[in-house]
file data.txt (compact mmCIF, N, CA and C atoms)
# COMPACT_ATOMS: atom_id res chain seq x y z
N MET A 23 0.83 -1.19 0.00
CA MET A 23 0.00 0.00 0.00
C MET A 23 0.88 1.25 0.00
N ILE A 24 0.39 2.26 -0.66
CA ILE A 24 1.04 3.56 -0.66
C ILE A 24 0.23 4.40 0.32
N ASP A 25 0.88 4.87 1.39
CA ASP A 25 0.17 5.56 2.46
C ASP A 25 0.46 7.06 2.47
N PHE A 26 -0.59 7.82 2.70
CA PHE A 26 -0.50 9.25 2.93
C PHE A 26 -1.15 9.51 4.29
N ASN A 27 -0.39 9.97 5.27
CA ASN A 27 -0.94 10.32 6.57
C ASN A 27 -1.26 11.81 6.57
N ILE A 28 -2.56 12.12 6.61
CA ILE A 28 -3.02 13.50 6.45
C ILE A 28 -4.10 13.80 7.47
N ASN A 29 -3.96 14.89 8.21
CA ASN A 29 -5.00 15.40 9.11
C ASN A 29 -5.55 14.32 10.05
N SER A 30 -4.69 13.60 10.70
CA SER A 30 -4.99 12.49 11.63
C SER A 30 -5.71 11.32 10.97
N GLY A 31 -5.74 11.28 9.66
CA GLY A 31 -6.32 10.17 8.92
C GLY A 31 -5.30 9.60 7.95
N LYS A 32 -5.75 8.66 7.16
CA LYS A 32 -4.83 8.01 6.22
C LYS A 32 -5.55 7.75 4.90
N ILE A 33 -4.82 7.97 3.82
CA ILE A 33 -5.25 7.54 2.49
C ILE A 33 -4.33 6.41 2.09
N GLU A 34 -4.91 5.25 1.82
CA GLU A 34 -4.14 4.09 1.37
C GLU A 34 -4.48 3.81 -0.08
N ILE A 35 -3.45 3.72 -0.90
CA ILE A 35 -3.64 3.46 -2.33
C ILE A 35 -3.02 2.09 -2.63
N GLN A 36 -3.79 1.25 -3.27
CA GLN A 36 -3.36 -0.09 -3.61
C GLN A 36 -2.10 -0.04 -4.49
N ASP A 37 -1.13 -0.90 -4.20
CA ASP A 37 0.14 -0.92 -4.94
C ASP A 37 -0.05 -1.11 -6.44
N THR A 38 -1.09 -1.84 -6.84
CA THR A 38 -1.29 -2.10 -8.27
C THR A 38 -1.63 -0.82 -9.05
N LEU A 39 -1.91 0.27 -8.33
CA LEU A 39 -2.21 1.55 -9.00
C LEU A 39 -0.97 2.41 -9.20
N ARG A 40 0.17 1.94 -8.71
CA ARG A 40 1.40 2.73 -8.78
C ARG A 40 1.74 3.17 -10.21
N ASN A 41 1.68 2.27 -11.17
CA ASN A 41 2.02 2.62 -12.56
C ASN A 41 1.02 3.60 -13.15
N LEU A 42 -0.26 3.43 -12.83
CA LEU A 42 -1.29 4.33 -13.34
C LEU A 42 -1.09 5.75 -12.83
N LEU A 43 -0.66 5.88 -11.57
CA LEU A 43 -0.58 7.19 -10.92
C LEU A 43 0.81 7.84 -10.98
N ALA A 44 1.81 7.09 -11.42
CA ALA A 44 3.17 7.63 -11.44
C ALA A 44 3.25 8.89 -12.31
N ARG A 45 3.83 9.92 -11.73
CA ARG A 45 4.04 11.22 -12.41
C ARG A 45 2.72 11.86 -12.86
N LYS A 46 1.64 11.54 -12.18
CA LYS A 46 0.34 12.16 -12.44
C LYS A 46 -0.22 12.61 -11.10
N THR A 47 -1.38 13.23 -11.14
CA THR A 47 -2.03 13.69 -9.91
C THR A 47 -3.39 13.02 -9.77
N LEU A 48 -3.62 12.41 -8.62
CA LEU A 48 -4.92 11.86 -8.29
C LEU A 48 -5.71 12.96 -7.59
N VAL A 49 -6.76 13.44 -8.25
CA VAL A 49 -7.56 14.53 -7.73
C VAL A 49 -8.77 13.95 -7.01
N MET A 50 -8.92 14.32 -5.73
CA MET A 50 -10.02 13.83 -4.90
C MET A 50 -10.88 15.01 -4.48
N GLN A 51 -12.15 14.99 -4.92
CA GLN A 51 -13.05 16.09 -4.61
C GLN A 51 -14.38 15.57 -4.08
N ALA A 52 -15.00 16.39 -3.24
CA ALA A 52 -16.33 16.06 -2.72
C ALA A 52 -17.33 16.07 -3.85
N HIS A 53 -18.28 15.17 -3.75
CA HIS A 53 -19.32 15.05 -4.77
C HIS A 53 -20.63 14.77 -4.05
N ASP A 54 -21.61 15.65 -4.21
CA ASP A 54 -22.93 15.45 -3.61
C ASP A 54 -23.92 15.10 -4.70
N GLU A 55 -24.78 14.12 -4.40
CA GLU A 55 -25.79 13.69 -5.36
C GLU A 55 -27.12 13.55 -4.65
N THR A 56 -28.15 14.19 -5.20
CA THR A 56 -29.49 14.04 -4.66
C THR A 56 -30.08 12.76 -5.21
N VAL A 57 -30.43 11.84 -4.31
CA VAL A 57 -30.90 10.53 -4.72
C VAL A 57 -32.42 10.51 -4.87
N SER A 58 -33.12 11.01 -3.88
CA SER A 58 -34.57 11.01 -3.96
C SER A 58 -35.15 12.14 -3.11
N CYS A 59 -36.30 12.60 -3.51
CA CYS A 59 -37.01 13.63 -2.76
C CYS A 59 -38.44 13.16 -2.52
N ASP A 60 -38.90 13.33 -1.29
CA ASP A 60 -40.25 12.93 -0.93
C ASP A 60 -40.81 13.95 0.06
N ALA A 61 -41.92 14.57 -0.30
CA ALA A 61 -42.59 15.55 0.56
C ALA A 61 -41.64 16.68 0.97
N GLY A 62 -40.82 17.13 0.06
CA GLY A 62 -39.93 18.24 0.34
C GLY A 62 -38.64 17.87 1.05
N LEU A 63 -38.47 16.62 1.41
CA LEU A 63 -37.23 16.16 2.03
C LEU A 63 -36.43 15.37 1.01
N CYS A 64 -35.19 15.78 0.84
CA CYS A 64 -34.35 15.14 -0.17
C CYS A 64 -33.21 14.38 0.51
N GLU A 65 -32.91 13.21 -0.02
CA GLU A 65 -31.78 12.43 0.45
C GLU A 65 -30.57 12.76 -0.42
N ILE A 66 -29.49 13.15 0.24
CA ILE A 66 -28.28 13.53 -0.47
C ILE A 66 -27.16 12.58 -0.06
N ILE A 67 -26.47 12.04 -1.04
CA ILE A 67 -25.32 11.18 -0.78
C ILE A 67 -24.05 12.01 -0.96
N HIS A 68 -23.20 11.97 0.06
CA HIS A 68 -21.90 12.65 -0.01
C HIS A 68 -20.86 11.61 -0.37
N ASP A 69 -20.16 11.85 -1.45
CA ASP A 69 -19.19 10.88 -1.93
C ASP A 69 -17.93 11.60 -2.36
N ILE A 70 -16.94 10.84 -2.78
CA ILE A 70 -15.67 11.40 -3.25
C ILE A 70 -15.48 11.00 -4.70
N SER A 71 -15.23 11.98 -5.56
CA SER A 71 -14.93 11.67 -6.96
C SER A 71 -13.42 11.65 -7.14
N LEU A 72 -12.98 10.75 -8.01
CA LEU A 72 -11.56 10.60 -8.31
C LEU A 72 -11.31 10.86 -9.78
N LYS A 73 -10.25 11.59 -10.07
CA LYS A 73 -9.80 11.80 -11.44
C LYS A 73 -8.29 11.71 -11.46
N VAL A 74 -7.76 11.10 -12.49
CA VAL A 74 -6.31 11.05 -12.68
C VAL A 74 -5.99 12.06 -13.77
N LYS A 75 -5.15 13.04 -13.43
CA LYS A 75 -4.79 14.10 -14.37
C LYS A 75 -3.28 14.21 -14.50
N ARG A 76 -2.85 14.74 -15.63
CA ARG A 76 -1.42 15.01 -15.80
C ARG A 76 -0.98 16.16 -14.93
N HIS A 77 -1.83 17.17 -14.79
CA HIS A 77 -1.52 18.34 -13.97
C HIS A 77 -2.80 18.81 -13.29
N CYS A 78 -2.65 19.39 -12.13
CA CYS A 78 -3.77 20.03 -11.44
C CYS A 78 -3.24 21.36 -10.90
N ASN A 79 -3.73 22.44 -11.43
CA ASN A 79 -3.26 23.76 -11.03
C ASN A 79 -4.29 24.54 -10.23
N ASN A 80 -5.25 23.85 -9.64
CA ASN A 80 -6.30 24.50 -8.87
C ASN A 80 -5.73 25.01 -7.55
N PRO A 81 -5.72 26.32 -7.32
CA PRO A 81 -5.14 26.86 -6.10
C PRO A 81 -5.94 26.54 -4.84
N ASP A 82 -7.17 26.06 -4.99
CA ASP A 82 -8.00 25.71 -3.83
C ASP A 82 -7.74 24.29 -3.33
N MET A 83 -6.92 23.55 -4.03
CA MET A 83 -6.62 22.17 -3.66
C MET A 83 -5.39 22.11 -2.75
N LEU A 84 -5.35 21.08 -1.92
CA LEU A 84 -4.19 20.80 -1.07
C LEU A 84 -3.43 19.63 -1.69
N PHE A 85 -2.11 19.77 -1.84
CA PHE A 85 -1.31 18.78 -2.55
C PHE A 85 -0.38 18.03 -1.60
N PHE A 86 -0.27 16.70 -1.83
CA PHE A 86 0.60 15.84 -1.04
C PHE A 86 1.31 14.88 -1.99
N ILE A 87 2.60 14.61 -1.68
CA ILE A 87 3.40 13.73 -2.54
C ILE A 87 4.03 12.63 -1.70
N ASN A 88 3.98 11.40 -2.21
CA ASN A 88 4.67 10.26 -1.61
C ASN A 88 5.37 9.55 -2.76
N ASN A 89 6.70 9.56 -2.72
CA ASN A 89 7.52 9.06 -3.82
C ASN A 89 7.14 9.79 -5.10
N ASP A 90 6.68 9.11 -6.13
CA ASP A 90 6.34 9.80 -7.38
C ASP A 90 4.83 9.91 -7.58
N ILE A 91 4.07 9.76 -6.50
CA ILE A 91 2.61 9.85 -6.59
C ILE A 91 2.14 11.12 -5.88
N GLU A 92 1.36 11.91 -6.59
CA GLU A 92 0.83 13.16 -6.04
C GLU A 92 -0.69 13.05 -5.93
N ILE A 93 -1.23 13.52 -4.81
CA ILE A 93 -2.68 13.61 -4.67
C ILE A 93 -3.06 15.05 -4.38
N ALA A 94 -4.23 15.44 -4.86
CA ALA A 94 -4.77 16.77 -4.62
C ALA A 94 -6.14 16.59 -3.97
N LEU A 95 -6.34 17.24 -2.83
CA LEU A 95 -7.59 17.12 -2.08
C LEU A 95 -8.29 18.46 -1.99
N ASP A 96 -9.62 18.45 -2.05
CA ASP A 96 -10.33 19.68 -1.73
C ASP A 96 -10.50 19.74 -0.21
N LYS A 97 -11.01 20.86 0.28
CA LYS A 97 -11.13 21.09 1.72
C LYS A 97 -12.04 20.05 2.38
N TYR A 98 -13.11 19.63 1.71
CA TYR A 98 -14.03 18.66 2.28
C TYR A 98 -13.33 17.33 2.53
N VAL A 99 -12.57 16.85 1.56
CA VAL A 99 -11.87 15.57 1.71
C VAL A 99 -10.80 15.70 2.80
N PHE A 100 -10.10 16.83 2.85
CA PHE A 100 -9.11 17.06 3.91
C PHE A 100 -9.77 16.99 5.28
N ASP A 101 -10.91 17.67 5.45
CA ASP A 101 -11.62 17.65 6.73
C ASP A 101 -12.15 16.26 7.06
N LEU A 102 -12.58 15.53 6.05
CA LEU A 102 -13.09 14.17 6.24
C LEU A 102 -12.03 13.26 6.86
N LEU A 103 -10.77 13.49 6.52
CA LEU A 103 -9.68 12.65 7.02
C LEU A 103 -9.47 12.81 8.53
N SER A 104 -10.05 13.81 9.15
CA SER A 104 -9.96 13.92 10.61
C SER A 104 -10.89 12.91 11.28
N ARG A 105 -11.84 12.34 10.52
CA ARG A 105 -12.81 11.39 11.06
C ARG A 105 -12.73 10.01 10.41
N GLU A 106 -12.22 9.95 9.18
CA GLU A 106 -12.25 8.70 8.42
C GLU A 106 -10.92 8.44 7.73
N ASN A 107 -10.68 7.17 7.42
CA ASN A 107 -9.58 6.77 6.56
C ASN A 107 -10.16 6.41 5.20
N ILE A 108 -9.37 6.58 4.17
CA ILE A 108 -9.83 6.32 2.81
C ILE A 108 -8.89 5.32 2.15
N SER A 109 -9.48 4.30 1.52
CA SER A 109 -8.71 3.32 0.74
C SER A 109 -9.12 3.45 -0.72
N ILE A 110 -8.14 3.39 -1.60
CA ILE A 110 -8.40 3.47 -3.04
C ILE A 110 -7.87 2.19 -3.66
N LYS A 111 -8.78 1.49 -4.34
CA LYS A 111 -8.44 0.20 -4.94
C LYS A 111 -8.84 0.19 -6.40
N LYS A 112 -8.29 -0.77 -7.10
CA LYS A 112 -8.62 -0.91 -8.52
C LYS A 112 -9.68 -1.99 -8.69
N GLY A 113 -10.73 -1.64 -9.37
CA GLY A 113 -11.76 -2.58 -9.78
C GLY A 113 -11.98 -2.30 -11.26
N LYS A 114 -13.22 -2.33 -11.69
CA LYS A 114 -13.52 -1.92 -13.07
C LYS A 114 -13.11 -0.45 -13.23
N ASN A 115 -13.38 0.35 -12.20
CA ASN A 115 -12.92 1.73 -12.09
C ASN A 115 -12.16 1.83 -10.78
N LEU A 116 -11.72 3.03 -10.44
CA LEU A 116 -11.11 3.22 -9.13
C LEU A 116 -12.22 3.18 -8.08
N ILE A 117 -11.98 2.48 -6.99
CA ILE A 117 -12.98 2.29 -5.94
C ILE A 117 -12.51 3.01 -4.68
N VAL A 118 -13.41 3.77 -4.07
CA VAL A 118 -13.12 4.47 -2.82
C VAL A 118 -13.85 3.76 -1.69
N GLU A 119 -13.11 3.40 -0.65
CA GLU A 119 -13.72 2.85 0.56
C GLU A 119 -13.39 3.79 1.71
N ARG A 120 -14.43 4.11 2.50
CA ARG A 120 -14.26 5.01 3.64
C ARG A 120 -14.54 4.24 4.92
N LYS A 121 -13.66 4.43 5.93
CA LYS A 121 -13.83 3.77 7.22
C LYS A 121 -13.60 4.79 8.32
N LYS A 122 -14.50 4.82 9.29
CA LYS A 122 -14.35 5.71 10.43
C LYS A 122 -13.14 5.31 11.25
N HIS A 123 -12.48 6.31 11.87
CA HIS A 123 -11.37 6.01 12.76
C HIS A 123 -11.84 5.16 13.93
N GLN A 124 -10.99 4.31 14.41
CA GLN A 124 -11.34 3.47 15.57
C GLN A 124 -10.86 4.10 16.85

call {"tool": "encode", "arguments": {"input": "data.txt", "output": "structure tokens"}}
result
Amino acid sequence: MIDFNINSGKIEIQDTLRNLLARKTLVMQAHDETVSCDAGLCEIIHDISLKVKRHCNNPDMLFFINNDIEIALDKYVFDLLSRENISIKKGKNLIVERKKHQ
């Protein structure tokens, strides 16, 4: 695993993603989706979107580097790491798993 210790939390990236992410930036941003609305009450799912980019020049992002892998986080994901750990694995697409701190 490739580990990033950030804001009392951890981002773990599966080793098999090393070649995909080498010399690129993994961009992690908050993503909200309204799933259903009933009688004026809407259910919203808070999730994390992942993108692999050659460069990320967004000044609102926080950047972290471990060896040749760079990640960029928005403020929401950074704050989330104070409560949860995040694992990123390879499936059909990149998979995000979130676990509360113990």

call {"tool": "atom_distance", "arguments": {"input": "data.txt", "atom1": "CA of Asn88 (chain A)", "atom2": "atom C of Gln124 (chain A)"}}
result
24.9 Å

call {"tool": "closest_residue", "arguments": {"input": "data.txt", "among": "A:Ile66, A:Ala94, A:Ile108, A:Leu42", "to": "Arg120 (chain A)", "atoms": "all atoms listed in the file"}}
result
A:Ile108

call {"tool": "atom_distance", "arguments": {"input": "data.txt", "atom1": "CA of Ser104 (chain A)", "atom2": "CA of Leu48 (chain A)"}}
result
19.7 Å

call {"tool": "axis_aligned_box", "arguments": {"input": "data.txt", "around": "region 76-88 of chain A", "padding_each_side": "8 Å", "output": "lines of an AutoDock Vina configuration file"}}
result
center_x = -1.3
center_y = 18.2
center_z = -8.4
size_x = 29.4
size_y = 33.3
size_z = 30.8

call {"tool": "closest_residue", "arguments": {"input": "data.txt", "among": "A:Asn41, A:Asp25, A:Lys121, A:Leu72", "to": "Ser109 (chain A)", "atoms": "only N, CA and C atoms"}}
result
A:Lys121

call {"tool": "residues_near_point", "arguments": {"input": "data.txt", "point": "(-24.6, 13.2, -6.0)", "cutoff": "8 Å", "atoms": "only C-alpha atoms", "output": "MDAnalysis selection string"}}
result
chainID A and resid 53:57 66:69

call {"tool": "residues_around", "arguments": {"input": "data.txt", "residues": "Met50 (chain A)", "least_positions_apart": "6", "cutoff": "6.5 Å", "atoms": "all atoms listed in the file", "output": "list in words"}}
result
Ile70, Ser71, Leu72, Lys73, Ile93, Ala94, Leu95, Asp96 and Val99 of chain A

call {"tool": "select_by_dssp", "arguments": {"input": "data.txt", "residues": "region 54-89 of chain A", "states": "strand (DSSP E or B)", "output": "PyMOL selection string"}}
result
chain A and resi 54-60+63-75+84-88

call {"tool": "closest_residue", "arguments": {"input": "data.txt", "among": "A:Ala52, A:Val118, A:Val74, A:Ala61", "to": "Tyr98 (chain A)", "atoms": "all atoms listed in the file"}}
result
A:Ala52

call {"tool": "atom_distance", "arguments": {"input": "data.txt", "atom1": "CA of Asn115 (chain A)", "atom2": "CA of Lys32 (chain A)"}}
result
21.0 Å

call {"tool": "closest_residue", "arguments": {"input": "data.txt", "among": "A:Ile33, A:Ile91, A:Ile28, A:Met23", "to": "Thr47 (chain A)", "atoms": "only C-alpha atoms"}}
result
A:Ile91

call {"tool": "select_by_dssp", "arguments": {"input": "data.txt", "residues": "chain A", "states": "helix (DSSP H, G or I)", "output": "list in words"}}
result
Asp37, Thr38, Leu39, Arg40, Asn41, Leu42, Leu43, Lys97, Tyr98, Val99, Phe100, Asp101 and Leu102 of chain A

call {"tool": "residues_around", "arguments": {"input": "data.txt", "residues": "Asp101 (chain A)", "least_positions_apart": "4", "cutoff": "8 Å", "atoms": "only C-alpha atoms", "output": "PyMOL selection string"}}
result
chain A and resi 29+97+105

call {"tool": "residues_around", "arguments": {"input": "data.txt", "residues": "Arg40 (chain A)", "least_positions_apart": "4", "cutoff": "8 Å", "atoms": "all atoms listed in the file", "output": "PyMOL selection string"}}
result
chain A and resi 35-36+44-45+90-91

call {"tool": "write_last_selection", "arguments": {"input": "data.txt", "atoms": "N, CA and C atoms", "output": "compact mmCIF listing (two decimals), in the coordinates of the input"}}
result
# COMPACT_ATOMS: atom_id res chain seq x y z
N ILE A 35 -3.45 3.72 -0.90
CA ILE A 35 -3.64 3.46 -2.33
C ILE A 35 -3.02 2.09 -2.63
N GLN A 36 -3.79 1.25 -3.27
CA GLN A 36 -3.36 -0.09 -3.61
C GLN A 36 -2.10 -0.04 -4.49
N ALA A 44 1.81 7.09 -11.42
CA ALA A 44 3.17 7.63 -11.44
C ALA A 44 3.25 8.89 -12.31
N ARG A 45 3.83 9.92 -11.73
CA ARG A 45 4.04 11.22 -12.41
C ARG A 45 2.72 11.86 -12.86
N ASP A 90 6.68 9.11 -6.13
CA ASP A 90 6.34 9.80 -7.38
C ASP A 90 4.83 9.91 -7.58
N ILE A 91 4.07 9.76 -6.50
CA ILE A 91 2.61 9.85 -6.59
C ILE A 91 2.14 11.12 -5.88

call {"tool": "decode", "arguments": {"input": "data.txt", "residues": "region 36-57 of chain A", "atoms": "N, CA, C and O atoms", "output": "short mmCIF file (atom, residue, chain, number, x, y, z; two decimals), in the first residue's frame"}}
result
data_model
loop_
_atom_site.label_atom_id
_atom_site.label_comp_id
_atom_site.auth_asym_id
_atom_site.auth_seq_id
_atom_site.Cartn_x
_atom_site.Cartn_y
_atom_site.Cartn_z
N GLN A 36 -3.79 1.25 -3.27
CA GLN A 36 -3.36 -0.09 -3.61
C GLN A 36 -2.10 -0.04 -4.49
O GLN A 36 -2.00 0.78 -5.41
N ASP A 37 -1.13 -0.90 -4.20
CA ASP A 37 0.14 -0.92 -4.94
C ASP A 37 -0.05 -1.11 -6.44
O ASP A 37 0.75 -0.60 -7.22
N THR A 38 -1.09 -1.84 -6.84
CA THR A 38 -1.29 -2.10 -8.27
C THR A 38 -1.63 -0.82 -9.05
O THR A 38 -1.62 -0.83 -10.26
N LEU A 39 -1.91 0.27 -8.33
CA LEU A 39 -2.21 1.55 -9.00
C LEU A 39 -0.97 2.41 -9.20
O LEU A 39 -1.05 3.47 -9.80
N ARG A 40 0.17 1.94 -8.71
CA ARG A 40 1.40 2.73 -8.78
C ARG A 40 1.74 3.17 -10.21
O ARG A 40 2.04 4.34 -10.46
N ASN A 41 1.68 2.27 -11.17
CA ASN A 41 2.02 2.62 -12.56
C ASN A 41 1.02 3.60 -13.15
O ASN A 41 1.39 4.50 -13.90
N LEU A 42 -0.26 3.43 -12.83
CA LEU A 42 -1.29 4.33 -13.34
C LEU A 42 -1.09 5.75 -12.83
O LEU A 42 -1.31 6.73 -13.55
N LEU A 43 -0.66 5.88 -11.57
CA LEU A 43 -0.58 7.19 -10.92
C LEU A 43 0.81 7.84 -10.98
O LEU A 43 0.95 9.00 -10.64
N ALA A 44 1.81 7.09 -11.42
CA ALA A 44 3.17 7.63 -11.44
C ALA A 44 3.25 8.89 -12.31
O ALA A 44 2.76 8.92 -13.43
N ARG A 45 3.83 9.92 -11.73
CA ARG A 45 4.04 11.22 -12.41
C ARG A 45 2.72 11.86 -12.86
O ARG A 45 2.70 12.61 -13.84
N LYS A 46 1.64 11.54 -12.18
CA LYS A 46 0.34 12.16 -12.44
C LYS A 46 -0.22 12.61 -11.10
O LYS A 46 0.38 12.39 -10.06
N THR A 47 -1.38 13.23 -11.14
CA THR A 47 -2.03 13.69 -9.91
C THR A 47 -3.39 13.02 -9.77
O THR A 47 -4.20 13.04 -10.70
N LEU A 48 -3.62 12.41 -8.62
CA LEU A 48 -4.92 11.86 -8.29
C LEU A 48 -5.71 12.96 -7.59
O LEU A 48 -5.35 13.39 -6.50
N VAL A 49 -6.76 13.44 -8.25
CA VAL A 49 -7.56 14.53 -7.73
C VAL A 49 -8.77 13.95 -7.01
O VAL A 49 -9.55 13.19 -7.59
N MET A 50 -8.92 14.32 -5.73
CA MET A 50 -10.02 13.83 -4.90
C MET A 50 -10.88 15.01 -4.48
O MET A 50 -10.40 15.91 -3.79
N GLN A 51 -12.15 14.99 -4.92
CA GLN A 51 -13.05 16.09 -4.61
C GLN A 51 -14.38 15.57 -4.08
O GLN A 51 -14.83 14.48 -4.45
N ALA A 52 -15.00 16.39 -3.24
CA ALA A 52 -16.33 16.06 -2.72
C ALA A 52 -17.33 16.07 -3.85
O ALA A 52 -17.23 16.86 -4.79
N HIS A 53 -18.28 15.17 -3.75
CA HIS A 53 -19.32 15.05 -4.77
C HIS A 53 -20.63 14.77 -4.05
O HIS A 53 -20.74 13.79 -3.31
N ASP A 54 -21.61 15.65 -4.21
CA ASP A 54 -22.93 15.45 -3.61
C ASP A 54 -23.92 15.10 -4.70
O ASP A 54 -23.91 15.69 -5.77
N GLU A 55 -24.78 14.12 -4.40
CA GLU A 55 -25.79 13.69 -5.36
C GLU A 55 -27.12 13.55 -4.65
O GLU A 55 -27.22 12.89 -3.62
N THR A 56 -28.15 14.19 -5.20
CA THR A 56 -29.49 14.04 -4.66
C THR A 56 -30.08 12.76 -5.21
O THR A 56 -30.22 12.59 -6.42
N VAL A 57 -30.43 11.84 -4.31
CA VAL A 57 -30.90 10.53 -4.72
C VAL A 57 -32.42 10.51 -4.87
O VAL A 57 -32.95 10.04 -5.87
#
